[in-house]
Each structure stands twice: as structure tokens, then as C-alpha cells.
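coords.txt (compact mmCIF, C-alpha atoms)
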# COMPACT_ATOMS: atom_id res chain seq x y z
CA MET A 1 -140.56 57.98 130.99
CA LYS A 2 -142.38 61.15 132.09
CA ILE A 3 -141.83 64.87 131.71
CA VAL A 4 -141.02 66.36 135.11
CA ASN A 5 -139.82 69.91 134.41
CA VAL A 6 -139.93 72.63 131.74
CA GLU A 7 -137.66 75.68 131.99
CA THR A 8 -137.19 78.71 129.75
CA PHE A 9 -134.18 81.00 129.32
CA LEU A 10 -134.08 84.53 127.86
CA VAL A 11 -130.77 84.37 126.04
CA PRO A 12 -129.06 87.42 124.49
CA PRO A 13 -129.01 88.78 121.91
CA ARG A 14 -132.73 88.11 121.22
CA TRP A 15 -133.52 84.42 121.74
CA LEU A 16 -135.53 82.18 124.04
CA PHE A 17 -134.54 78.57 124.80
CA CYS A 18 -136.58 75.90 126.56
CA ARG A 19 -135.37 72.83 128.43
CA VAL A 20 -137.63 69.79 128.91
CA GLU A 21 -136.49 67.28 131.53
CA THR A 22 -137.68 63.72 132.10
CA ASP A 23 -137.66 61.48 135.16
CA GLU A 24 -135.07 59.26 133.44
CA GLY A 25 -132.60 62.11 133.05
CA VAL A 26 -133.09 62.59 129.30
CA VAL A 27 -133.23 66.30 128.50
CA GLY A 28 -134.48 67.98 125.33
CA TRP A 29 -133.83 71.54 124.18
CA GLY A 30 -135.82 73.80 121.88
CA GLU A 31 -135.99 77.40 120.74
CA PRO A 32 -139.47 78.95 121.07
CA VAL A 33 -139.31 82.64 120.27
CA VAL A 34 -140.85 85.55 118.43
CA GLU A 35 -138.13 88.12 117.96
CA GLY A 36 -139.19 91.20 119.90
CA ARG A 37 -141.92 89.31 121.77
CA ALA A 38 -139.84 86.73 123.64
CA GLU A 39 -141.47 87.44 126.99
CA ALA A 40 -144.95 86.70 125.61
CA VAL A 41 -143.77 83.42 124.12
CA ARG A 42 -142.05 82.52 127.38
CA ALA A 43 -145.32 82.87 129.27
CA THR A 44 -147.11 80.75 126.67
CA VAL A 45 -144.51 77.98 126.92
CA HIS A 46 -145.24 77.69 130.63
CA VAL A 47 -148.99 77.59 129.99
CA LEU A 48 -148.48 74.69 127.55
CA ALA A 49 -146.10 73.06 130.02
CA GLU A 50 -149.01 72.62 132.44
CA TYR A 51 -150.35 70.00 130.04
CA LEU A 52 -146.98 68.35 129.39
CA MET A 53 -146.10 67.68 133.01
CA GLY A 54 -146.30 63.96 133.75
CA GLN A 55 -146.75 63.04 130.08
CA ASP A 56 -144.76 60.54 128.05
CA PRO A 57 -142.47 62.74 125.90
CA LEU A 58 -142.36 60.21 123.07
CA ARG A 59 -146.00 60.79 122.10
CA ILE A 60 -144.91 63.79 120.04
CA GLU A 61 -147.77 63.89 117.55
CA ASP A 62 -150.48 63.59 120.19
CA HIS A 63 -148.87 66.34 122.26
CA TRP A 64 -148.57 68.53 119.17
CA GLN A 65 -152.28 68.11 118.44
CA VAL A 66 -153.29 68.91 122.01
CA MET A 67 -151.05 71.98 122.27
CA ALA A 68 -152.05 73.28 118.82
CA ASN A 69 -155.74 72.39 118.76
CA GLY A 70 -156.76 71.67 122.35
CA GLY A 71 -157.66 75.30 122.99
CA PHE A 72 -160.69 77.04 121.48
CA TYR A 73 -158.41 79.86 120.24
CA ARG A 74 -155.46 78.67 118.21
CA GLY A 75 -152.74 79.70 115.80
CA GLY A 76 -150.84 82.95 115.51
CA PRO A 77 -147.16 83.69 116.05
CA VAL A 78 -147.00 83.50 119.86
CA LEU A 79 -148.81 80.18 120.35
CA SER A 80 -147.25 78.59 117.26
CA SER A 81 -143.75 79.63 118.37
CA ALA A 82 -144.23 78.33 121.92
CA LEU A 83 -145.45 75.06 120.42
CA ALA A 84 -142.51 75.02 117.98
CA GLY A 85 -139.85 75.14 120.68
CA LEU A 86 -141.52 72.46 122.78
CA ASP A 87 -141.91 70.29 119.68
CA GLN A 88 -138.17 70.64 118.97
CA ALA A 89 -137.39 69.61 122.54
CA LEU A 90 -139.63 66.53 122.33
CA TRP A 91 -137.92 65.42 119.10
CA ASP A 92 -134.57 66.02 120.82
CA ILE A 93 -135.66 63.71 123.66
CA ALA A 94 -136.88 61.09 121.20
CA GLY A 95 -133.60 61.05 119.31
CA LYS A 96 -131.59 60.80 122.52
CA THR A 97 -133.85 58.03 123.82
CA TYR A 98 -133.43 55.92 120.68
CA GLY A 99 -129.79 56.91 120.20
CA VAL A 100 -130.23 58.41 116.70
CA PRO A 101 -130.36 61.87 115.12
CA VAL A 102 -133.83 63.28 114.50
CA HIS A 103 -133.44 62.95 110.72
CA ALA A 104 -133.26 59.16 111.20
CA LEU A 105 -136.64 59.28 112.95
CA LEU A 106 -138.04 61.32 110.05
CA GLY A 107 -137.31 58.51 107.61
CA GLY A 108 -133.57 58.80 107.21
CA HIS A 109 -131.33 61.20 105.37
CA VAL A 110 -131.82 61.92 101.68
CA ARG A 111 -128.57 63.91 101.29
CA ASP A 112 -125.13 63.93 102.87
CA ARG A 113 -124.60 67.67 103.16
CA VAL A 114 -126.76 70.79 103.19
CA ARG A 115 -126.06 73.97 101.24
CA MET A 116 -126.08 77.17 103.30
CA TYR A 117 -126.43 80.80 102.34
CA ALA A 118 -125.01 83.81 104.19
CA TRP A 119 -126.42 87.27 104.83
CA VAL A 120 -124.67 90.25 103.19
CA GLY A 121 -126.87 93.24 104.07
CA GLY A 122 -128.11 95.56 101.34
CA ASP A 123 -129.73 98.40 103.27
CA GLU A 124 -126.46 100.29 102.76
CA PRO A 125 -125.06 99.62 99.25
CA ALA A 126 -121.58 100.86 100.19
CA GLU A 127 -121.14 97.82 102.46
CA LEU A 128 -122.47 95.30 99.96
CA ALA A 129 -119.36 94.62 97.89
CA GLU A 130 -117.12 94.11 100.91
CA SER A 131 -119.65 91.82 102.60
CA ILE A 132 -120.16 89.66 99.51
CA GLY A 133 -116.42 89.36 99.04
CA ALA A 134 -115.99 88.17 102.62
CA ARG A 135 -118.65 85.51 102.18
CA ILE A 136 -117.06 84.25 98.98
CA GLU A 137 -113.70 84.07 100.73
CA ALA A 138 -115.37 82.04 103.51
CA GLY A 139 -116.47 79.50 100.90
CA PHE A 140 -120.16 80.32 100.43
CA SER A 141 -121.64 79.97 96.97
CA ALA A 142 -124.92 81.70 97.86
CA VAL A 143 -125.78 84.92 99.67
CA LYS A 144 -128.94 86.85 100.53
CA MET A 145 -129.29 90.62 100.48
CA ASN A 146 -131.98 93.17 101.19
CA ALA A 147 -133.50 94.74 98.11
CA GLY A 148 -133.16 98.09 99.86
CA GLY A 149 -133.81 99.97 103.05
CA ARG A 150 -136.92 101.95 103.94
CA MET A 151 -139.23 102.23 100.93
CA PRO A 152 -142.00 104.81 100.37
CA ALA A 153 -145.63 103.89 99.79
CA LEU A 154 -144.90 103.96 96.06
CA ALA A 155 -141.28 103.86 94.97
CA THR A 156 -139.67 106.66 93.01
CA VAL A 157 -137.55 106.15 89.90
CA ALA A 158 -134.47 106.56 92.13
CA ASP A 159 -135.73 103.99 94.66
CA ILE A 160 -136.27 101.39 91.93
CA ALA A 161 -132.93 102.18 90.31
CA GLY A 162 -131.25 101.67 93.68
CA VAL A 163 -132.67 98.16 93.98
CA VAL A 164 -131.59 97.25 90.46
CA GLU A 165 -128.09 98.64 91.03
CA ARG A 166 -127.66 96.62 94.22
CA VAL A 167 -128.68 93.37 92.55
CA ALA A 168 -126.52 94.12 89.50
CA LEU A 169 -123.54 94.74 91.78
CA ALA A 170 -124.12 91.47 93.61
CA ARG A 171 -124.32 89.54 90.34
CA GLU A 172 -121.14 91.18 89.06
CA ILE A 173 -119.19 90.17 92.16
CA LEU A 174 -120.67 86.68 92.44
CA GLY A 175 -120.32 85.78 88.77
CA PRO A 176 -122.44 83.14 87.03
CA GLY A 177 -121.41 80.26 89.31
CA ARG A 178 -122.88 81.61 92.57
CA ASP A 179 -126.37 82.61 93.71
CA VAL A 180 -127.97 85.69 95.20
CA ALA A 181 -131.37 85.82 96.88
CA VAL A 182 -133.08 89.20 97.21
CA ASP A 183 -135.17 89.90 100.32
CA PHE A 184 -137.89 92.54 99.94
CA HIS A 185 -138.92 92.07 103.61
CA GLY A 186 -142.46 93.15 102.80
CA ARG A 187 -141.16 96.71 102.36
CA VAL A 188 -142.57 97.36 98.88
CA SER A 189 -146.14 97.47 97.67
CA ALA A 190 -147.46 94.78 95.36
CA ALA A 191 -147.52 97.36 92.57
CA ASP A 192 -143.85 98.14 93.10
CA ALA A 193 -142.97 94.46 93.30
CA ARG A 194 -144.53 94.02 89.84
CA ARG A 195 -142.39 96.89 88.57
CA ILE A 196 -139.12 95.80 90.18
CA LEU A 197 -139.04 92.04 89.60
CA PRO A 198 -138.93 92.25 85.78
CA LEU A 199 -136.05 94.72 86.08
CA ILE A 200 -133.89 92.38 88.18
CA ALA A 201 -134.80 89.24 86.23
CA GLU A 202 -131.74 89.60 83.95
CA PHE A 203 -129.51 89.05 87.01
CA GLN A 204 -131.30 85.75 87.73
CA PRO A 205 -131.76 85.83 91.50
CA MET A 206 -132.18 82.46 93.16
CA PHE A 207 -135.41 83.87 94.55
CA ALA A 208 -137.12 87.11 95.57
CA GLU A 209 -138.25 86.85 99.18
CA GLU A 210 -141.43 88.33 100.66
CA PRO A 211 -142.24 90.80 97.86
CA VAL A 212 -145.75 90.99 99.37
CA LEU A 213 -146.68 91.28 103.03
CA PRO A 214 -147.77 87.95 104.53
CA ASP A 215 -151.33 89.10 105.24
CA ARG A 216 -151.94 89.77 101.51
CA PRO A 217 -151.67 86.39 99.78
CA HIS A 218 -154.46 87.40 97.39
CA LEU A 219 -151.95 89.77 95.74
CA LEU A 220 -149.23 87.19 95.23
CA ARG A 221 -150.35 85.60 91.97
CA ASP A 222 -150.02 88.86 90.03
CA VAL A 223 -146.55 89.37 91.48
CA VAL A 224 -145.49 85.80 90.71
CA THR A 225 -146.62 86.08 87.10
CA SER A 226 -145.05 89.52 86.58
CA SER A 227 -141.58 88.07 85.92
CA SER A 228 -139.52 84.89 85.69
CA VAL A 229 -137.91 85.48 89.12
CA PRO A 230 -138.86 82.67 91.56
CA VAL A 231 -140.83 84.07 94.50
CA ALA A 232 -140.27 82.91 98.09
CA THR A 233 -142.28 83.58 101.23
CA GLY A 234 -143.24 82.10 104.58
CA GLU A 235 -141.18 83.40 107.50
CA ARG A 236 -144.34 85.03 108.87
CA LEU A 237 -146.67 82.11 108.16
CA TYR A 238 -147.31 79.57 110.90
CA SER A 239 -149.19 76.53 109.59
CA ARG A 240 -149.87 74.41 106.54
CA TRP A 241 -153.20 76.25 106.21
CA ASP A 242 -151.33 79.57 105.98
CA PHE A 243 -149.12 78.14 103.22
CA ARG A 244 -151.86 76.74 101.01
CA PRO A 245 -152.97 80.07 99.44
CA VAL A 246 -149.39 81.17 98.72
CA LEU A 247 -148.66 77.82 97.09
CA GLU A 248 -151.82 78.17 95.03
CA ALA A 249 -150.54 81.61 94.00
CA GLY A 250 -147.46 79.95 92.51
CA VAL A 251 -144.58 80.67 94.90
CA ALA A 252 -141.50 78.62 94.10
CA VAL A 253 -139.95 78.50 97.58
CA VAL A 254 -141.56 78.19 101.02
CA GLN A 255 -139.70 79.50 104.08
CA PRO A 256 -141.30 78.31 107.31
CA ASP A 257 -139.33 79.08 110.45
CA LEU A 258 -138.73 76.05 112.67
CA SER A 259 -139.15 78.28 115.74
CA HIS A 260 -142.40 79.86 114.54
CA ALA A 261 -144.27 77.40 112.31
CA GLY A 262 -145.07 74.64 114.79
CA GLY A 263 -141.58 73.17 114.97
CA ILE A 264 -140.25 70.06 113.27
CA SER A 265 -143.63 68.36 113.11
CA GLU A 266 -145.48 71.10 111.23
CA THR A 267 -142.57 72.11 109.02
CA ARG A 268 -142.38 68.56 107.71
CA ARG A 269 -146.05 68.77 106.76
CA ILE A 270 -145.55 72.17 105.13
CA ALA A 271 -142.67 70.74 103.08
CA ALA A 272 -144.81 67.81 101.94
CA LEU A 273 -147.62 70.18 100.98
CA ALA A 274 -145.17 72.34 99.03
CA GLU A 275 -144.00 69.28 97.09
CA VAL A 276 -147.52 69.00 95.59
CA TRP A 277 -146.95 72.42 93.95
CA ASP A 278 -143.33 71.64 93.00
CA ALA A 279 -142.14 74.24 95.52
CA LYS A 280 -138.87 73.94 97.43
CA LEU A 281 -138.17 74.28 101.16
CA ALA A 282 -135.69 76.92 102.41
CA PRO A 283 -136.29 77.32 106.17
CA HIS A 284 -136.03 80.80 107.61
CA CYS A 285 -133.49 80.86 110.47
CA PRO A 286 -131.88 84.12 111.66
CA LEU A 287 -131.97 82.64 115.17
CA GLY A 288 -129.91 80.60 117.62
CA PRO A 289 -128.27 77.17 117.67
CA LEU A 290 -131.36 75.12 118.48
CA ALA A 291 -133.43 76.64 115.67
CA LEU A 292 -130.58 75.97 113.26
CA ALA A 293 -130.06 72.42 114.53
CA ALA A 294 -133.77 71.67 114.14
CA SER A 295 -133.79 73.18 110.64
CA LEU A 296 -130.87 71.01 109.59
CA GLN A 297 -132.52 67.83 110.85
CA VAL A 298 -135.51 68.60 108.63
CA ALA A 299 -133.25 69.58 105.72
CA PHE A 300 -131.43 66.26 105.74
CA ALA A 301 -134.70 64.30 105.61
CA THR A 302 -136.70 66.43 103.14
CA PRO A 303 -136.55 65.62 99.40
CA ASN A 304 -137.65 69.06 98.18
CA PHE A 305 -135.22 71.00 100.38
CA LEU A 306 -133.35 73.82 98.61
CA ILE A 307 -131.00 75.76 100.91
CA GLN A 308 -130.62 76.76 104.56
CA GLU A 309 -130.27 80.18 106.22
CA HIS A 310 -128.11 80.70 109.33
CA SER A 311 -127.25 83.55 111.70
CA ILE A 312 -123.59 82.95 112.55
CA GLY A 313 -121.96 86.37 112.46
CA LEU A 314 -125.28 88.11 111.70
CA HIS A 315 -125.44 91.82 112.53
CA TYR A 316 -128.28 91.22 115.01
CA ASN A 317 -126.00 89.10 117.19
CA GLN A 318 -124.35 91.92 119.09
CA GLY A 319 -122.79 90.83 122.38
CA ALA A 320 -123.44 87.12 121.84
CA ASP A 321 -123.43 84.74 118.91
CA LEU A 322 -124.89 81.37 118.06
CA LEU A 323 -121.68 79.46 118.80
CA ASP A 324 -121.39 80.97 122.29
CA TYR A 325 -124.02 78.55 123.57
CA VAL A 326 -122.79 75.23 122.16
CA LEU A 327 -120.11 72.98 123.60
CA ASP A 328 -118.85 71.75 120.24
CA PRO A 329 -119.07 74.35 117.45
CA GLU A 330 -117.75 71.82 114.93
CA VAL A 331 -121.32 70.64 114.35
CA PHE A 332 -121.89 73.93 112.53
CA ARG A 333 -118.61 73.98 110.61
CA PHE A 334 -119.16 75.07 107.00
CA THR A 335 -117.03 73.52 104.27
CA GLU A 336 -117.32 75.21 100.87
CA GLY A 337 -120.68 76.61 101.95
CA TYR A 338 -122.09 73.27 103.10
CA VAL A 339 -122.64 71.65 106.49
CA SER A 340 -122.18 67.91 106.96
CA ARG A 341 -124.85 65.56 108.24
CA PRO A 342 -125.03 65.51 112.06
CA GLU A 343 -124.72 62.06 113.58
CA ALA A 344 -125.18 62.81 117.29
CA PRO A 345 -128.52 61.75 118.85
CA GLY A 346 -131.45 64.17 118.94
CA LEU A 347 -131.01 67.60 117.42
CA GLY A 348 -127.29 66.91 117.13
CA VAL A 349 -126.11 69.90 119.14
CA GLU A 350 -124.91 69.91 122.75
CA ILE A 351 -125.96 73.06 124.57
CA ASP A 352 -123.63 74.71 127.08
CA GLU A 353 -126.17 74.74 129.89
CA ALA A 354 -123.96 76.74 132.24
CA ALA A 355 -123.54 79.47 129.61
CA VAL A 356 -127.30 79.53 128.98
CA ARG A 357 -128.10 79.87 132.68
CA ARG A 358 -125.57 82.68 133.06
CA ALA A 359 -127.01 84.47 130.03
CA ASP A 360 -130.55 84.18 131.36
CA GLN A 361 -129.54 86.09 134.49
CA ALA A 362 -128.98 89.12 132.29
CA GLY A 363 -131.77 88.30 129.85
CA HIS A 364 -132.74 90.76 127.12
CA THR A 365 -135.53 93.04 125.97
CA TRP A 366 -134.77 93.06 122.25
CA ARG A 367 -137.26 94.96 120.08
CA ASN A 368 -137.15 95.51 116.35
CA PRO A 369 -136.70 99.11 115.16
CA VAL A 370 -139.75 101.17 114.20
CA TRP A 371 -139.28 102.95 110.90
CA ARG A 372 -141.22 105.97 109.70
CA HIS A 373 -141.71 107.65 106.34
CA ASP A 374 -140.66 111.24 105.76
CA ASP A 375 -144.21 112.37 106.54
CA GLY A 376 -144.16 110.63 109.93
CA GLY A 377 -146.29 107.63 108.98
CA ILE A 378 -145.10 104.14 109.95
CA ALA A 379 -142.98 102.24 107.41
CA GLU A 380 -142.33 98.54 107.01
CA TRP A 381 -139.17 97.37 108.72

Could you render the structure as C-alpha cells?
Amino acid sequence: MKIVNVETFLVPPRWLFCRVETDEGVVGWGEPVVEGRAEAVRATVHVLAEYLMGQDPLRIEDHWQVMANGGFYRGGPVLSSALAGLDQALWDIAGKTYGVPVHALLGGHVRDRVRMYAWVGGDEPAELAESIGARIEAGFSAVKMNAGGRMPALATVADIAGVVERVALAREILGPGRDVAVDFHGRVSAADARRILPLIAEFQPMFAEEPVLPDRPHLLRDVVTSSSVPVATGERLYSRWDFRPVLEAGVAVVQPDLSHAGGISETRRIAALAEVWDAKLAPHCPLGPLALAASLQVAFATPNFLIQEHSIGLHYNQGADLLDYVLDPEVFRFTEGYVSRPEAPGLGVEIDEAAVRRADQAGHTWRNPVWRHDDGGIAEW
């Protein structure tokens, strides 16, 4: 079996899909994208595809090594994301070739269902209570919220009080039997993170996400030790080498993105590395159906997995949603906040190719907002 064609599709609202075809008619799908930089990743996928043409798709590890390390310059979000989507597609082909789901090829499932959490906002506190209530009604036992919106270089008393009030409100609504994760999104300084985390510790968040920007791992240890709140990070880290210093700093949860951190192959290695530090895996996934399907395959086969993010109904998905591109949405049906183990071959999701091709004709040019402080300087989004 040989690879004979690689195609990419710019799919609204902000995604990029790739399709890898073989001469035996087996097709694999993946999701290589950097949100806001999809066009750059698309070009990189086609550069890597030059190597893949004519190759045996089942030599996944060898292809991963060549695509990741065969060039003198390596790493970074664009190359790692292009590699991630192609890696997903190769695992999809392998599963379809052998007639088993990818998690069976990863050693078999270690659980029968995967716990999911749902996004509830938090930038605007007035919407928080209603959003949490809707997620509880839908059966979820865990939610994630932003700690706050735009934050100044050093937070005021009112800014800090606003974060604490949001988390207190979430805990009040959720009660003691459900979980809330608090996403700082790299918006606060390390000094402010050290001030805020002890103040929200009494509400026992499941974790505090990205309290420090990803390019400042040397500041993490002081933040981790400032309170009892478990710290999570990793959506903007792309390799096991990126994760080592944050694990050494004591983070409790790692959050590689299956569409950014080298795909299924590298995320499995990151999870194994995290296990050495007793850290749990909670893959980042505010993306499309292929990223979620790949994340779930890893989740079912990973002992130190914690919980899975998803983007169904997410506010980013204006004009199109994750389920619009799958033929059978039942694969992503949530029951009491869990998803059942997929049994279909490959990634376990059947893409509506006609819908994808129609969507690509329109494409998208999604860009993240640019925030500014009151003085005109750029702020973290």
C-alpha cells in the first residue's frame, strides 16, 4: 500500500482538515491547524506531503521521525501542527487497514468511557450562572471557565476580587459533587497568579490552567508552590522536550493538543513522560471532529488520563459546528458527561466528505482578537 494523494481543506469556522489517500482506497483524515494561522499550516502540510508520496502509510513512527527531525530547522507550532494532522491521518489509515480502532493499536483500552468537561465562559460574569446551569442540565459534572477577561499588567484589588467572585459563584452552583477548572489563559502575571491562587483554593478547582505564559516555565515552580490548587498547562507546548521543564516545576496536569503537539504519536510520549511526575493528561481540544476523535483514542488507551475538552456548541463555532462535518454524530453522544468507547476502525469518526469539500469552497480567514490595555499597549488574549 502506498500514499498517492494528500489534500487539505479550510473548513469554517476556523479549522483545517487533511485527507491522505492510498492506492488501495484506504483514506485517512486528520486535523492539522493553528487557530488563526491555518493558511501557514496548510502550506506546511503540502511541503511534508512531498516526502509522504509513494510511502507505505503503515510506517507511522519512521514517517513521524522524518517529518519532525528530517529538516535542519524543527519544532514550533506550524511544523508541529502540520505533522500532527498527518500523524492522525496515518493512524486512521492503520486502524482502517487492520479493522480496529486506534486505541487497540495503542495497546488496548484501559477504560470504557471518558469523562468530558464543557466550556461555560467567564469573561462576562453575568452569563456564567446561566451557562453553568445549562451544562449541568445537559449532564456534565465538570466545566471550565475563564478566570476573567482582559487583565492589566498588575491586577487591582477589584480585578482580583472579580476572579474570586466568579470562582465562588461557580462552586456555589456546581455544589461539592461537580468540578470547575479555571483557565487563566496566560492573561495574568506570575506575581498575580501567586496572589490569586491562594484566594480561590477554598473553592477547590479541579485545576488552574495556564497561570503563566508558556514561554516562562522558569516562573512556574513558584506559582505551583504558592497554593494547593493543581496547576495545568500545555496547550501551547509542542513536544515532550517542551513539557519536561513544566513537569519538573510540579504541574499536576498536562494539556497537549492533538492537533498541535505532534499528533497521536507525540501525545502518547508526553503522557508517558507525565506519568513519571505523577501528572495527569487532559488534552486541549477546542477544535473540530478529527482533533476530538484523535484525543479520545489516546484517552481510552492512556492510564494517567484525567478528562477531555470538547468544542461542541463552543462560542467560537459561529456558522458551523463540529457535528456538521460527521455522518454519524452518535459517536460524540455524551451520556451523563461521558462519551463511550468508539469501536469503529481508525479514528472512529466518519467524515462527511461532501460537506467538507463544500465548506472548503468558502474557506475562512479566522484570526484571534487583539486586545489592548487602557494605555494602548497590547494585552494577552

Would you compute the box with edges along x, y and z of the file around stretch 135-141 of chain A, including every atom the file lists for it and 5 Å extra on each side, and give its centre and edge lengths in Å to one decimal, as lines of an AutoDock Vina configuration file?
center_x = -117.7
center_y = 82.5
center_z = 100.2
size_x = 17.9
size_y = 16.0
size_z = 16.5

### Query
Using all atoms listed in the file, which residues sit within 6 Å of A:Ala82 once same-chain residues fewer than 5 positions away are excluded, as a VMD selection string?
chain A and resid 32 41 45

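Our summary of the geometry notes that atom CA of A:Phe300 is positioned 15.2 Å from atom CA of A:Phe334.
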
### Spatial neighbours of stretch 165-180 of chain A, max dist 7 Å, all atoms listed in the file, sep filter under 6 positions, as a PyMOL selection string
chain A and resi 125+141-144+200+203+205-206

### Query
If you measure from atom CA of A:His315 to atom CA of A:Trp371, what distance in Å do you get, rounded to one decimal?
17.8 Å

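Atom to atom, atom CA of A:His364 and atom CA of A:Asp321 stand 13.8 Å apart.
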
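Summary of the local environment: counting only C-alpha atoms, residues at most 10 Å from A:Trp29, other than itself and those fewer than 5 positions away along its chain, are A:Val6, A:Glu7, A:Thr8, A:Phe17, A:Cys18, A:Arg19, A:Val20, A:Glu21, A:Gly85, A:Leu86, A:Asp87, A:Gln88, A:Ala89, A:Leu90, A:Trp91, A:Asp92, A:Ile93, A:Leu290, A:Ala291, A:Gly346, A:Leu347, A:Val349, A:Glu350, A:Ile351.
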